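Data from upload.pdb: PDB, C-alpha atoms
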ATOM      1  CA  MET P   1     100.377 183.859 125.948  1.00  0.00           C
ATOM      2  CA  ASN P   2     102.796 181.653 127.854  1.00  0.00           C
ATOM      3  CA  LEU P   3     102.304 177.983 128.664  1.00  0.00           C
ATOM      4  CA  VAL P   4     103.168 177.239 132.292  1.00  0.00           C
ATOM      5  CA  LEU P   5     103.713 173.624 133.334  1.00  0.00           C
ATOM      6  CA  PHE P   6     103.476 172.789 137.030  1.00  0.00           C
ATOM      7  CA  ASP P   7     104.416 169.514 138.655  1.00  0.00           C
ATOM      8  CA  PHE P   8     102.159 168.731 141.638  1.00  0.00           C
ATOM      9  CA  ASP P   9     103.725 166.550 144.338  1.00  0.00           C
ATOM     10  CA  LYS P  10     106.441 168.460 146.249  1.00  0.00           C
ATOM     11  CA  THR P  11     105.970 171.426 143.908  1.00  0.00           C
ATOM     12  CA  ILE P  12     102.467 172.578 144.823  1.00  0.00           C
ATOM     13  CA  VAL P  13     101.822 170.243 147.756  1.00  0.00           C
ATOM     14  CA  ASN P  14     104.676 169.072 149.974  1.00  0.00           C
ATOM     15  CA  ARG P  15     103.922 165.331 149.879  1.00  0.00           C
ATOM     16  CA  ASP P  16     103.603 162.365 147.542  1.00  0.00           C
ATOM     17  CA  THR P  17      99.832 162.240 147.137  1.00  0.00           C
ATOM     18  CA  GLY P  18      99.673 158.845 145.431  1.00  0.00           C
ATOM     19  CA  ALA P  19     101.738 157.207 148.168  1.00  0.00           C
ATOM     20  CA  ALA P  20      99.498 158.794 150.814  1.00  0.00           C
ATOM     21  CA  TYR P  21      96.417 157.379 149.066  1.00  0.00           C
ATOM     22  CA  MET P  22      97.877 153.863 148.947  1.00  0.00           C
ATOM     23  CA  LYS P  23      98.771 154.065 152.642  1.00  0.00           C
ATOM     24  CA  PHE P  24      95.222 155.214 153.439  1.00  0.00           C
ATOM     25  CA  MET P  25      93.674 152.376 151.449  1.00  0.00           C
ATOM     26  CA  LEU P  26      95.904 149.636 152.842  1.00  0.00           C
ATOM     27  CA  CYS P  27      96.063 150.646 156.495  1.00  0.00           C
ATOM     28  CA  ARG P  28      92.278 150.521 156.769  1.00  0.00           C
ATOM     29  CA  ASN P  29      92.266 146.825 155.817  1.00  0.00           C
ATOM     30  CA  PRO P  30      94.912 144.436 157.280  1.00  0.00           C
ATOM     31  CA  LEU P  31      94.102 141.698 154.741  1.00  0.00           C
ATOM     32  CA  ARG P  32      94.734 143.994 151.776  1.00  0.00           C
ATOM     33  CA  LEU P  33      97.940 145.206 153.419  1.00  0.00           C
ATOM     34  CA  PHE P  34      99.060 141.603 153.879  1.00  0.00           C
ATOM     35  CA  MET P  35      98.325 140.780 150.239  1.00  0.00           C
ATOM     36  CA  CYS P  36     100.307 143.801 149.059  1.00  0.00           C
ATOM     37  CA  CYS P  37     103.248 142.764 151.247  1.00  0.00           C
ATOM     38  CA  LEU P  38     103.177 139.330 149.604  1.00  0.00           C
ATOM     39  CA  ALA P  39     103.121 140.975 146.179  1.00  0.00           C
ATOM     40  CA  LEU P  40     106.090 143.292 146.848  1.00  0.00           C
ATOM     41  CA  PRO P  41     108.763 140.896 145.484  1.00  0.00           C
ATOM     42  CA  VAL P  42     106.892 140.970 142.177  1.00  0.00           C
ATOM     43  CA  CYS P  43     106.139 144.708 142.233  1.00  0.00           C
ATOM     44  CA  VAL P  44     109.503 146.135 143.300  1.00  0.00           C
ATOM     45  CA  PRO P  45     111.422 145.316 140.063  1.00  0.00           C
ATOM     46  CA  PHE P  46     108.719 147.131 138.083  1.00  0.00           C
ATOM     47  CA  LEU P  47     108.670 150.099 140.469  1.00  0.00           C
ATOM     48  CA  LEU P  48     112.416 150.660 140.076  1.00  0.00           C
ATOM     49  CA  HIS P  49     112.196 151.655 136.401  1.00  0.00           C
ATOM     50  CA  SER P  50     110.281 154.620 135.013  1.00  0.00           C
ATOM     51  CA  LYS P  51     108.938 152.742 131.975  1.00  0.00           C
ATOM     52  CA  THR P  52     107.513 149.867 134.053  1.00  0.00           C
ATOM     53  CA  LYS P  53     106.644 151.721 137.246  1.00  0.00           C
ATOM     54  CA  TYR P  54     102.964 151.811 136.308  1.00  0.00           C
ATOM     55  CA  ILE P  55     102.835 147.996 136.281  1.00  0.00           C
ATOM     56  CA  GLY P  56     104.026 147.684 139.874  1.00  0.00           C
ATOM     57  CA  PHE P  57     101.705 150.461 140.958  1.00  0.00           C
ATOM     58  CA  SER P  58      98.783 148.850 139.109  1.00  0.00           C
ATOM     59  CA  ILE P  59      99.282 145.572 140.959  1.00  0.00           C
ATOM     60  CA  LEU P  60      99.224 147.305 144.344  1.00  0.00           C
ATOM     61  CA  LEU P  61      96.299 149.540 143.392  1.00  0.00           C
ATOM     62  CA  TRP P  62      94.304 146.543 142.159  1.00  0.00           C
ATOM     63  CA  LEU P  63      94.894 144.677 145.431  1.00  0.00           C
ATOM     64  CA  ALA P  64      93.852 147.782 147.383  1.00  0.00           C
ATOM     65  CA  THR P  65      90.574 148.189 145.459  1.00  0.00           C
ATOM     66  CA  PHE P  66      89.575 144.692 144.305  1.00  0.00           C
ATOM     67  CA  GLY P  67      85.975 143.798 145.081  1.00  0.00           C
ATOM     68  CA  MET P  68      84.843 147.349 145.783  1.00  0.00           C
ATOM     69  CA  SER P  69      81.818 148.777 144.038  1.00  0.00           C
ATOM     70  CA  LEU P  70      82.334 152.001 142.116  1.00  0.00           C
ATOM     71  CA  ARG P  71      80.196 153.798 144.719  1.00  0.00           C
ATOM     72  CA  GLN P  72      82.362 152.513 147.572  1.00  0.00           C
ATOM     73  CA  ALA P  73      85.547 153.454 145.729  1.00  0.00           C
ATOM     74  CA  ILE P  74      84.262 157.006 145.215  1.00  0.00           C
ATOM     75  CA  ARG P  75      83.243 157.258 148.859  1.00  0.00           C
ATOM     76  CA  LEU P  76      86.735 156.206 149.957  1.00  0.00           C
ATOM     77  CA  ARG P  77      88.328 158.682 147.565  1.00  0.00           C
ATOM     78  CA  ARG P  78      86.336 161.497 149.166  1.00  0.00           C
ATOM     79  CA  ALA P  79      87.280 160.288 152.645  1.00  0.00           C
ATOM     80  CA  PHE P  80      90.944 160.222 151.641  1.00  0.00           C
ATOM     81  CA  ILE P  81      90.896 163.761 150.267  1.00  0.00           C
ATOM     82  CA  ARG P  82      89.272 165.094 153.457  1.00  0.00           C
ATOM     83  CA  ARG P  83      91.797 163.326 155.677  1.00  0.00           C
ATOM     84  CA  TYR P  84      94.758 164.225 153.488  1.00  0.00           C
ATOM     85  CA  LEU P  85      93.988 167.931 153.498  1.00  0.00           C
ATOM     86  CA  ASN P  86      93.241 167.942 157.235  1.00  0.00           C
ATOM     87  CA  GLU P  87      96.497 166.250 158.216  1.00  0.00           C
ATOM     88  CA  PRO P  88      99.052 168.704 159.673  1.00  0.00           C
ATOM     89  CA  SER P  89     101.759 167.093 157.547  1.00  0.00           C
ATOM     90  CA  THR P  90      99.996 168.152 154.329  1.00  0.00           C
ATOM     91  CA  ILE P  91     100.953 171.649 153.274  1.00  0.00           C
ATOM     92  CA  ILE P  92     100.148 173.526 150.094  1.00  0.00           C
ATOM     93  CA  PHE P  93     103.082 175.840 149.481  1.00  0.00           C
ATOM     94  CA  LYS P  94     102.032 179.466 149.869  1.00  0.00           C
ATOM     95  CA  ASP P  95     104.583 180.433 147.227  1.00  0.00           C
ATOM     96  CA  ALA P  96     103.029 177.939 144.802  1.00  0.00           C
ATOM     97  CA  LEU P  97      99.603 179.441 145.428  1.00  0.00           C
ATOM     98  CA  GLN P  98     100.934 182.957 144.821  1.00  0.00           C
ATOM     99  CA  HIS P  99     102.596 181.918 141.567  1.00  0.00           C
ATOM    100  CA  LEU P 100      99.446 180.126 140.383  1.00  0.00           C
ATOM    101  CA  GLN P 101      97.272 183.125 141.197  1.00  0.00           C
ATOM    102  CA  LEU P 102      99.614 185.550 139.447  1.00  0.00           C
ATOM    103  CA  LEU P 103     100.017 183.396 136.348  1.00  0.00           C
ATOM    104  CA  THR P 104      96.309 182.661 135.915  1.00  0.00           C
ATOM    105  CA  SER P 105      95.372 186.314 136.518  1.00  0.00           C
ATOM    106  CA  ASN P 106      97.758 187.280 133.703  1.00  0.00           C
ATOM    107  CA  ASN P 107      95.885 184.923 131.358  1.00  0.00           C
ATOM    108  CA  HIS P 108      98.698 182.430 130.884  1.00  0.00           C
ATOM    109  CA  LYS P 109      97.742 178.841 130.104  1.00  0.00           C
ATOM    110  CA  VAL P 110      98.603 176.970 133.319  1.00  0.00           C
ATOM    111  CA  VAL P 111      98.678 173.169 133.224  1.00  0.00           C
ATOM    112  CA  VAL P 112      99.347 170.891 136.187  1.00  0.00           C
ATOM    113  CA  VAL P 113     101.225 167.889 134.806  1.00  0.00           C
ATOM    114  CA  SER P 114     101.410 165.199 137.453  1.00  0.00           C
ATOM    115  CA  GLY P 115     102.102 161.532 138.032  1.00  0.00           C
ATOM    116  CA  ALA P 116      99.327 161.583 140.624  1.00  0.00           C
ATOM    117  CA  SER P 117      95.910 160.394 139.458  1.00  0.00           C
ATOM    118  CA  GLU P 118      93.716 163.048 137.899  1.00  0.00           C
ATOM    119  CA  TRP P 119      90.827 162.540 140.322  1.00  0.00           C
ATOM    120  CA  MET P 120      92.981 163.297 143.365  1.00  0.00           C
ATOM    121  CA  VAL P 121      94.704 166.363 141.900  1.00  0.00           C
ATOM    122  CA  LYS P 122      91.379 167.842 140.754  1.00  0.00           C
ATOM    123  CA  ALA P 123      89.771 167.110 144.135  1.00  0.00           C
ATOM    124  CA  ILE P 124      92.585 168.797 146.044  1.00  0.00           C
ATOM    125  CA  PHE P 125      92.390 171.881 143.809  1.00  0.00           C
ATOM    126  CA  ALA P 126      88.624 172.032 144.349  1.00  0.00           C
ATOM    127  CA  HIS P 127      88.663 171.468 148.116  1.00  0.00           C
ATOM    128  CA  ALA P 128      91.550 173.883 148.677  1.00  0.00           C
ATOM    129  CA  SER P 129      90.003 176.541 146.386  1.00  0.00           C
ATOM    130  CA  LEU P 130      93.125 176.736 144.236  1.00  0.00           C
ATOM    131  CA  PRO P 131      93.089 178.711 140.955  1.00  0.00           C
ATOM    132  CA  LYS P 132      91.428 177.268 137.867  1.00  0.00           C
ATOM    133  CA  VAL P 133      93.961 175.423 135.710  1.00  0.00           C
ATOM    134  CA  ASP P 134      94.150 172.540 133.223  1.00  0.00           C
ATOM    135  CA  PHE P 135      95.201 169.056 134.294  1.00  0.00           C
ATOM    136  CA  VAL P 136      97.332 166.433 132.600  1.00  0.00           C
ATOM    137  CA  CYS P 137      97.646 163.580 135.074  1.00  0.00           C
ATOM    138  CA  SER P 138      97.746 159.821 135.471  1.00  0.00           C
ATOM    139  CA  GLU P 139      94.533 157.958 134.766  1.00  0.00           C
ATOM    140  CA  GLU P 140      92.939 154.937 136.442  1.00  0.00           C
ATOM    141  CA  VAL P 141      90.546 152.413 134.933  1.00  0.00           C
ATOM    142  CA  ARG P 142      88.523 149.531 136.341  1.00  0.00           C
ATOM    143  CA  LEU P 143      89.686 145.998 135.465  1.00  0.00           C
ATOM    144  CA  PHE P 144      88.391 142.681 136.816  1.00  0.00           C
ATOM    145  CA  GLY P 145      86.831 144.248 139.901  1.00  0.00           C
ATOM    146  CA  GLY P 146      89.682 146.568 140.852  1.00  0.00           C
ATOM    147  CA  MET P 147      91.468 149.723 139.669  1.00  0.00           C
ATOM    148  CA  ILE P 148      94.693 149.832 137.685  1.00  0.00           C
ATOM    149  CA  SER P 149      96.775 152.553 136.054  1.00  0.00           C
ATOM    150  CA  LYS P 150      95.496 153.253 132.545  1.00  0.00           C
ATOM    151  CA  PHE P 151      98.103 155.911 131.833  1.00  0.00           C
ATOM    152  CA  HIS P 152     101.063 156.857 134.024  1.00  0.00           C
ATOM    153  CA  CYS P 153     101.884 160.530 133.501  1.00  0.00           C
ATOM    154  CA  TYR P 154     105.521 160.195 134.474  1.00  0.00           C
ATOM    155  CA  ALA P 155     108.892 161.196 132.990  1.00  0.00           C
ATOM    156  CA  SER P 156     108.748 161.134 129.151  1.00  0.00           C
ATOM    157  CA  ASN P 157     105.037 160.228 129.242  1.00  0.00           C
ATOM    158  CA  LYS P 158     104.355 163.798 130.379  1.00  0.00           C
ATOM    159  CA  VAL P 159     105.803 165.105 127.122  1.00  0.00           C
ATOM    160  CA  LYS P 160     103.879 162.535 125.079  1.00  0.00           C
ATOM    161  CA  ARG P 161     100.523 163.489 126.587  1.00  0.00           C
ATOM    162  CA  LEU P 162     101.204 167.228 126.427  1.00  0.00           C
ATOM    163  CA  ARG P 163     101.972 167.018 122.708  1.00  0.00           C
ATOM    164  CA  GLU P 164      98.751 165.058 122.186  1.00  0.00           C
ATOM    165  CA  LEU P 165      96.641 167.696 123.927  1.00  0.00           C
ATOM    166  CA  TYR P 166      98.353 171.010 123.154  1.00  0.00           C
ATOM    167  CA  ASN P 167      99.979 172.726 120.204  1.00  0.00           C
ATOM    168  CA  LEU P 168     103.184 173.800 121.883  1.00  0.00           C
ATOM    169  CA  GLU P 169     104.195 175.989 118.933  1.00  0.00           C
ATOM    170  CA  ILE P 170     101.517 178.631 119.529  1.00  0.00           C
ATOM    171  CA  TYR P 171     102.885 179.857 122.855  1.00  0.00           C
ATOM    172  CA  ASP P 172     105.337 182.723 123.208  1.00  0.00           C
ATOM    173  CA  SER P 173     107.227 180.890 125.929  1.00  0.00           C
ATOM    174  CA  ILE P 174     107.005 177.688 127.952  1.00  0.00           C
ATOM    175  CA  ILE P 175     107.765 177.856 131.671  1.00  0.00           C
ATOM    176  CA  GLY P 176     108.247 174.834 133.903  1.00  0.00           C
ATOM    177  CA  TYR P 177     108.074 174.287 137.671  1.00  0.00           C
ATOM    178  CA  SER P 178     109.296 171.028 139.186  1.00  0.00           C
ATOM    179  CA  ASP P 179     111.144 169.575 142.159  1.00  0.00           C
ATOM    180  CA  SER P 180     112.589 166.510 140.436  1.00  0.00           C
ATOM    181  CA  SER P 181     115.172 165.434 137.869  1.00  0.00           C
ATOM    182  CA  VAL P 182     112.595 162.887 136.679  1.00  0.00           C
ATOM    183  CA  ASP P 183     111.007 165.867 134.929  1.00  0.00           C
ATOM    184  CA  ILE P 184     114.051 166.536 132.744  1.00  0.00           C
ATOM    185  CA  PRO P 185     112.089 165.481 129.610  1.00  0.00           C
ATOM    186  CA  ILE P 186     109.312 168.002 130.189  1.00  0.00           C
ATOM    187  CA  LEU P 187     111.700 170.693 131.406  1.00  0.00           C
ATOM    188  CA  SER P 188     113.546 170.274 128.097  1.00  0.00           C
ATOM    189  CA  LEU P 189     110.502 171.820 126.422  1.00  0.00           C
ATOM    190  CA  CYS P 190     110.790 174.939 128.563  1.00  0.00           C
ATOM    191  CA  ASN P 191     112.423 178.298 127.956  1.00  0.00           C
ATOM    192  CA  ARG P 192     112.472 178.987 131.697  1.00  0.00           C
ATOM    193  CA  ARG P 193     112.813 176.388 134.424  1.00  0.00           C
ATOM    194  CA  TYR P 194     112.087 176.850 138.136  1.00  0.00           C
ATOM    195  CA  ILE P 195     113.288 174.099 140.459  1.00  0.00           C
ATOM    196  CA  ILE P 196     111.552 173.869 143.823  1.00  0.00           C
ATOM    197  CA  ASN P 197     113.515 172.866 146.938  1.00  0.00           C
ATOM    198  CA  PRO P 198     115.834 170.483 145.062  1.00  0.00           C
ATOM    199  CA  LYS P 199     117.972 167.927 146.839  1.00  0.00           C
ATOM    200  CA  PRO P 200     121.721 168.091 146.032  1.00  0.00           C
ATOM    201  CA  ARG P 201     121.711 165.040 143.735  1.00  0.00           C
ATOM    202  CA  CYS P 202     118.667 166.329 141.867  1.00  0.00           C
ATOM    203  CA  LEU P 203     120.184 169.793 141.485  1.00  0.00           C
ATOM    204  CA  LYS P 204     123.398 168.315 140.101  1.00  0.00           C
ATOM    205  CA  LYS P 205     121.507 166.332 137.443  1.00  0.00           C
ATOM    206  CA  LEU P 206     119.412 169.325 136.446  1.00  0.00           C
ATOM    207  CA  SER P 207     122.396 171.680 136.307  1.00  0.00           C
ATOM    208  CA  THR P 208     124.265 169.203 134.117  1.00  0.00           C
ATOM    209  CA  SER P 209     121.297 168.698 131.793  1.00  0.00           C
ATOM    210  CA  PHE P 210     120.610 172.405 131.296  1.00  0.00           C
ATOM    211  CA  ASP P 211     124.062 173.942 131.727  1.00  0.00           C
ATOM    212  CA  SER P 212     122.817 175.682 134.875  1.00  0.00           C
ATOM    213  CA  ALA P 213     119.989 177.384 132.901  1.00  0.00           C
ATOM    214  CA  ILE P 214     117.646 176.918 135.826  1.00  0.00           C
ATOM    215  CA  GLU P 215     116.433 179.017 138.718  1.00  0.00           C
ATOM    216  CA  VAL P 216     116.173 177.453 142.173  1.00  0.00           C
ATOM    217  CA  LEU P 217     113.255 178.536 144.365  1.00  0.00           C
ATOM    218  CA  HIS P 218     113.152 177.733 148.076  1.00  0.00           C
ATOM    219  CA  TRP P 219     109.534 177.442 149.175  1.00  0.00           C
ATOM    220  CA  GLU P 220     108.842 177.162 152.886  1.00  0.00           C
ATOM    221  CA  GLU P 221     106.307 174.753 154.335  1.00  0.00           C
TER     222      GLU P 221
END
Translate this file's structure into structure tokens.
Amino acid sequence: MNLVLFDFDKTIVNRDTGAAYMKFMLCRNPLRLFMCCLALPVCVPFLLHSKTKYIGFSILLWLATFGMSLRQAIRLRRAFIRRYLNEPSTIIFKDALQHLQLLTSNNHKVVVVSGASEWMVKAIFAHASLPKVDFVCSEEVRLFGGMISKFHCYASNKVKRLRELYNLEIYDSIIGYSDSSVDIPILSLCNRRYIINPKPRCLKKLSTSFDSAIEVLHWEE
């Protein structure tokens, strides 16, 4: 059995799902948007570094959700998923779907490893009737009346969580799909690496890191 690791944003779906959720939450409430704008000078330095990115995101997420009941937060999550999937700009790559279907039908262990929050990735898979897979994603938790990032599944954190949940030694081969050089740590675990629609700078970093031992796939929207 092979272990297949799939990034989500811009690998399975063509957009940044977390950013779309924040835009949805803030644009519906001018006061929350204003508060987030005021907080940007504090948040931006954290957002610029992978190890502290979750702090900046947590501040913005907390401002976007503070004061909401759990029931209201869940209702808004459902509304976001419906809108997100119905927007013409949201596209699930047909090639990604074909690869997922083929891999799962061949009984490989397929895991979506994403910086997006687990609830949104699972909801999109369910609503879009995508194949059954495992999920290793970012986690949110409630704190002082709002939501923050409990665990940010990003960069080297992806490797940390994977090793906690899976025995990587039992698989014949590990295969990785990603669009980003941020995933170099997790791609380093892989025997085969597929890079989806990479930008030139990203491709250069990946080629340097793996001595060109990558395969570039161009998936159309």
Could you list, as a PyMOL selection string, every residue within 8 Å of range 127-133 of chain P, counting only C-alpha atoms and ignoring same-chain residues fewer than 3 positions away?
chain P and resi 97+100-101+104+109-112+123-124
Considering all atoms listed in the file, can you say which of P:Leu143, P:Ile186, P:Cys153, P:Ile174 comes closest to Leu70 in chain P?
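The shortest atom-to-atom distance to Leu70 in chain P comes from P:Leu143.
Among the candidates P:Asn107, P:Ser138, P:Ser212, P:Asn157, the residue lying nearest to Leu3 in chain P is P:Asn107 (atoms considered: all atoms listed in the file).
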Applying the PyMOL selection byres ((chain P and resi 162) around 10) to the file I just gave you, which residues come out? Please list them as an NGL selection string.
:P and (5 or 111 or 113 or 136 or 153 or 157-161 or 163-168 or 186)
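The space between CA of Asp9 in chain P and CA of Ser173 in chain P spans 23.6 Å.
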Point-to-point distance from CA of Tyr21 in chain P to CA of Leu48 in chain P, Å rounded to tenths
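Straight-line distance from CA of Tyr21 in chain P to CA of Leu48 in chain P works out to 19.5 Å.
Applied to the file shown here, the PyMOL selection byres ((chain P and resi 89) around 12) selects the residues Val13, Asn14, Arg15, Asp16, Thr17, Ala20, Arg83, Tyr84, Leu85, Asn86, Glu87, Pro88, Thr90, Ile91, Ile92, Phe93 and Glu221 of chain P.
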From P:Trp219, P:Phe135, P:Tyr171, P:Trp119, residue lying nearest Ile81 in chain P [all atoms listed in the file]:
P:Trp119
For the structure provided, state which residues fall under the PyMOL selection byres ((chain P and resi 76) around 12), and present them as JSON, numbers by chain.
{"P": [21, 22, 24, 25, 26, 28, 64, 65, 68, 69, 70, 71, 72, 73, 74, 75, 77, 78, 79, 80, 81, 82, 83, 84, 120]}
Please report the interatomic distance between CA of His49 in chain P and CA of Arg32 in chain P in Å with one decimal.
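Calculated distance between CA of His49 in chain P and CA of Arg32 in chain P is 24.5 Å.
The nearest approach to Asn191 in chain P among the residues P:Leu60, P:Ala126, P:Ile170, P:Ile214, with all atoms listed in the file taken into account, belongs to P:Ile214.
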Just checking: using all atoms listed in the file, which residue out of P:Thr52, P:Thr208, P:Ser117, P:Asn2 ends up closest to Leu103 in chain P?
P:Asn2
For Ser209 in chain P, please output as a count of residues only all residues within 9 Å (counting only C-alpha atoms; exclusion window: fewer than 4 positions along the same chain).
5
Pick from P:His152, P:Lys199, P:Arg193, P:His218 nearest to Ser180 in chain P, counting only C-alpha atoms:
P:Lys199
Distance query 12 Å from (96.7, 142.0, 151.4) using all atoms listed in the file, result as a PDB file with C-alpha atoms, in the frame of the given file:
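Okay, this is what ended up in selection.pdb:
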ATOM      1  CA  MET P  25      93.674 152.376 151.449  1.00  0.00           C
ATOM      2  CA  LEU P  26      95.904 149.636 152.842  1.00  0.00           C
ATOM      3  CA  CYS P  27      96.063 150.646 156.495  1.00  0.00           C
ATOM      4  CA  ARG P  28      92.278 150.521 156.769  1.00  0.00           C
ATOM      5  CA  ASN P  29      92.266 146.825 155.817  1.00  0.00           C
ATOM      6  CA  PRO P  30      94.912 144.436 157.280  1.00  0.00           C
ATOM      7  CA  LEU P  31      94.102 141.698 154.741  1.00  0.00           C
ATOM      8  CA  ARG P  32      94.734 143.994 151.776  1.00  0.00           C
ATOM      9  CA  LEU P  33      97.940 145.206 153.419  1.00  0.00           C
ATOM     10  CA  PHE P  34      99.060 141.603 153.879  1.00  0.00           C
ATOM     11  CA  MET P  35      98.325 140.780 150.239  1.00  0.00           C
ATOM     12  CA  CYS P  36     100.307 143.801 149.059  1.00  0.00           C
ATOM     13  CA  CYS P  37     103.248 142.764 151.247  1.00  0.00           C
ATOM     14  CA  LEU P  38     103.177 139.330 149.604  1.00  0.00           C
ATOM     15  CA  ALA P  39     103.121 140.975 146.179  1.00  0.00           C
ATOM     16  CA  LEU P  40     106.090 143.292 146.848  1.00  0.00           C
ATOM     17  CA  ILE P  59      99.282 145.572 140.959  1.00  0.00           C
ATOM     18  CA  LEU P  60      99.224 147.305 144.344  1.00  0.00           C
ATOM     19  CA  LEU P  61      96.299 149.540 143.392  1.00  0.00           C
ATOM     20  CA  TRP P  62      94.304 146.543 142.159  1.00  0.00           C
ATOM     21  CA  LEU P  63      94.894 144.677 145.431  1.00  0.00           C
ATOM     22  CA  ALA P  64      93.852 147.782 147.383  1.00  0.00           C
ATOM     23  CA  THR P  65      90.574 148.189 145.459  1.00  0.00           C
ATOM     24  CA  PHE P  66      89.575 144.692 144.305  1.00  0.00           C
TER      25      PHE P  66
END
